[in-house]
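A.B. asks: This structure is in structure tokens; I'll ask about it shortly.
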Amino acid sequence: MITLNTQFVRIKSLIWTQSEGEVVIMDISTGKYYGLNLVSSDIFLRCANQITVRDLINALMESYTVERSACEKETLDILNVFLKKGIIEITPSL
């Protein structure tokens, strides 16, 4: 389960492209495509390097006008979907 202290990174082997702010991902190991909306795309792009959920949320709070509790819930929901679909992986804490 992902918590605010979980550290993660996006899977490097994914093929992806960005068009008009939205990301489309292809997982070549499964042949599945994923289309992300603007916010999910932003989260995906911010996961290029290891980051904690807390640091990601802090960065998102600087970019969006949203209540922290809503940002935390929605970010955790998106990250759990990303984890389930193999878009991110949990990494050991430094």
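Labeling convention for the structure tokens: chains A, B, ... as they appear, residues from 1 per chain, ligands from 1 in order of appearance.
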Need the shell around range 51-66 of chain A: protein/DNA/RNA residues with any atom at most 9 Å away, counting only C-alpha atoms. Skip same-chain ones fewer than 6 positions apart. Format as a list in words?
C.D. replies: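 Once the nearby chain positions are removed, what remains is Ile2, Thr3, Leu4, Asn5, Thr6, Gln7, Phe8, Val9, Asp42, Ile43, Glu72, Thr75, Leu76, Leu79 and Ser93 of chain A.
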A.B. asks: Looking only at helix (DSSP H, G or I) from DSSP on the backbone, list the matching residues of range 41-85 of chain A as a ChimeraX atom specification.
C.D. replies: /A:41-46,53-63,68-85
A.B. asks: For the residues in the current selection, export C-alpha atoms as a compact mmCIF listing (two decimals), in the first residue's frame.
C.D. replies:
```
# COMPACT_ATOMS: atom_id res chain seq x y z
CA SER A 41 0.21 13.24 -17.01
CA ASP A 42 1.76 15.84 -14.72
CA ILE A 43 2.15 13.24 -11.98
CA PHE A 44 3.68 10.76 -14.44
CA LEU A 45 6.20 13.34 -15.66
CA ARG A 46 7.20 14.23 -12.09
CA VAL A 53 4.61 10.73 -2.22
CA ARG A 54 4.90 13.58 0.27
CA ASP A 55 7.40 15.46 -1.93
CA LEU A 56 5.23 14.87 -5.00
CA ILE A 57 2.18 16.26 -3.20
CA ASN A 58 4.17 19.29 -2.02
CA ALA A 59 5.19 19.99 -5.63
CA LEU A 60 1.62 19.55 -6.86
CA MET A 61 0.34 21.93 -4.18
CA GLU A 62 2.63 24.61 -5.64
CA SER A 63 1.13 24.11 -9.12
CA ARG A 68 -4.25 19.47 0.67
CA SER A 69 -6.58 16.64 1.77
CA ALA A 70 -8.07 16.42 -1.73
CA CYS A 71 -4.62 16.53 -3.33
CA GLU A 72 -3.38 13.74 -1.05
CA LYS A 73 -6.41 11.52 -1.72
CA GLU A 74 -6.43 12.02 -5.48
CA THR A 75 -2.66 11.61 -5.79
CA LEU A 76 -2.69 8.41 -3.73
CA ASP A 77 -5.57 7.10 -5.88
CA ILE A 78 -3.65 7.83 -9.10
CA LEU A 79 -0.42 6.33 -7.77
CA ASN A 80 -2.20 3.15 -6.68
CA VAL A 81 -3.62 2.79 -10.21
CA PHE A 82 -0.14 3.44 -11.66
CA LEU A 83 1.32 0.78 -9.35
CA LYS A 84 -1.36 -1.76 -10.26
CA LYS A 85 -0.82 -1.14 -13.99
```
A.B. asks: Mind checking DSSP for chain A and telling me the strand (DSSP E) residues as a VMD selection string?
C.D. replies: chain A and resid 7 to 10 15 to 19 22 to 27 32 to 35 51 to 52 88 to 90
A.B. asks: Given the selection you just returned, output its residues as a file containing N, CA and C atoms, formatted as a compact mmCIF listing (two decimals), in the first residue's frame.
C.D. replies:
```txt
# COMPACT_ATOMS: atom_id res chain seq x y z
N GLN A 7 8.42 5.83 -1.30
CA GLN A 7 9.28 6.36 -2.36
C GLN A 7 9.08 5.49 -3.59
N PHE A 8 9.01 6.11 -4.75
CA PHE A 8 8.73 5.37 -5.98
C PHE A 8 9.37 6.07 -7.18
N VAL A 9 9.31 5.41 -8.31
CA VAL A 9 9.81 5.94 -9.57
C VAL A 9 9.01 5.30 -10.70
N ARG A 10 8.88 5.99 -11.83
CA ARG A 10 8.17 5.37 -12.94
C ARG A 10 9.07 4.31 -13.59
N ILE A 15 7.34 2.98 -23.00
CA ILE A 15 7.43 3.91 -24.12
C ILE A 15 6.29 4.89 -23.97
N TRP A 16 6.60 6.18 -24.07
CA TRP A 16 5.55 7.18 -23.88
C TRP A 16 5.83 8.41 -24.74
N THR A 17 4.77 9.15 -24.96
CA THR A 17 4.87 10.41 -25.68
C THR A 17 3.89 11.39 -25.07
N GLN A 18 4.17 12.65 -25.31
CA GLN A 18 3.31 13.71 -24.78
C GLN A 18 2.80 14.55 -25.93
N SER A 19 1.50 14.83 -25.90
CA SER A 19 0.88 15.66 -26.92
C SER A 19 -0.15 16.57 -26.25
N GLU A 22 -0.93 15.98 -22.56
CA GLU A 22 -1.37 14.66 -22.11
C GLU A 22 -0.37 13.59 -22.55
N VAL A 23 -0.20 12.58 -21.71
CA VAL A 23 0.76 11.51 -21.96
C VAL A 23 0.02 10.25 -22.40
N VAL A 24 0.59 9.58 -23.38
CA VAL A 24 0.12 8.26 -23.81
C VAL A 24 1.28 7.30 -23.57
N ILE A 25 1.00 6.20 -22.89
CA ILE A 25 2.02 5.23 -22.50
C ILE A 25 1.74 3.91 -23.18
N MET A 26 2.82 3.25 -23.63
CA MET A 26 2.70 1.87 -24.11
C MET A 26 3.63 1.00 -23.27
N ASP A 27 3.05 -0.05 -22.73
CA ASP A 27 3.82 -1.04 -21.99
C ASP A 27 4.16 -2.14 -22.98
N LYS A 32 -0.18 -3.06 -23.79
CA LYS A 32 -1.30 -2.19 -23.39
C LYS A 32 -0.91 -0.72 -23.52
N TYR A 33 -1.91 0.07 -23.89
CA TYR A 33 -1.77 1.52 -23.99
C TYR A 33 -2.57 2.18 -22.87
N TYR A 34 -2.05 3.30 -22.38
CA TYR A 34 -2.76 4.07 -21.37
C TYR A 34 -2.73 5.54 -21.77
N GLY A 35 -3.87 6.18 -21.78
CA GLY A 35 -3.97 7.60 -22.03
C GLY A 35 -4.24 8.31 -20.72
N ILE A 51 11.10 9.71 -5.95
CA ILE A 51 10.45 10.78 -5.20
C ILE A 51 9.53 10.14 -4.18
N THR A 52 9.33 10.81 -3.07
CA THR A 52 8.36 10.32 -2.10
C THR A 52 6.99 10.90 -2.45
N ILE A 88 4.53 2.61 -12.28
CA ILE A 88 5.53 3.00 -11.28
C ILE A 88 5.91 1.76 -10.48
N GLU A 89 7.04 1.88 -9.77
CA GLU A 89 7.45 0.83 -8.84
C GLU A 89 7.92 1.49 -7.56
N ILE A 90 7.66 0.83 -6.45
CA ILE A 90 8.12 1.30 -5.15
C ILE A 90 9.60 1.02 -5.04
```
A.B. asks: Pick from A:Ala48, A:Gly21, A:Thr91, A:Leu14: nearest to Leu36 in chain A, with only C-alpha atoms counted?
C.D. replies: A:Gly21
A.B. asks: Any idea what the distance is between CA of Gly31 in chain A and CA of Gly86 in chain A?
C.D. replies: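 If I compute the distance from CA of Gly31 in chain A to CA of Gly86 in chain A, I get 12.2 Å.
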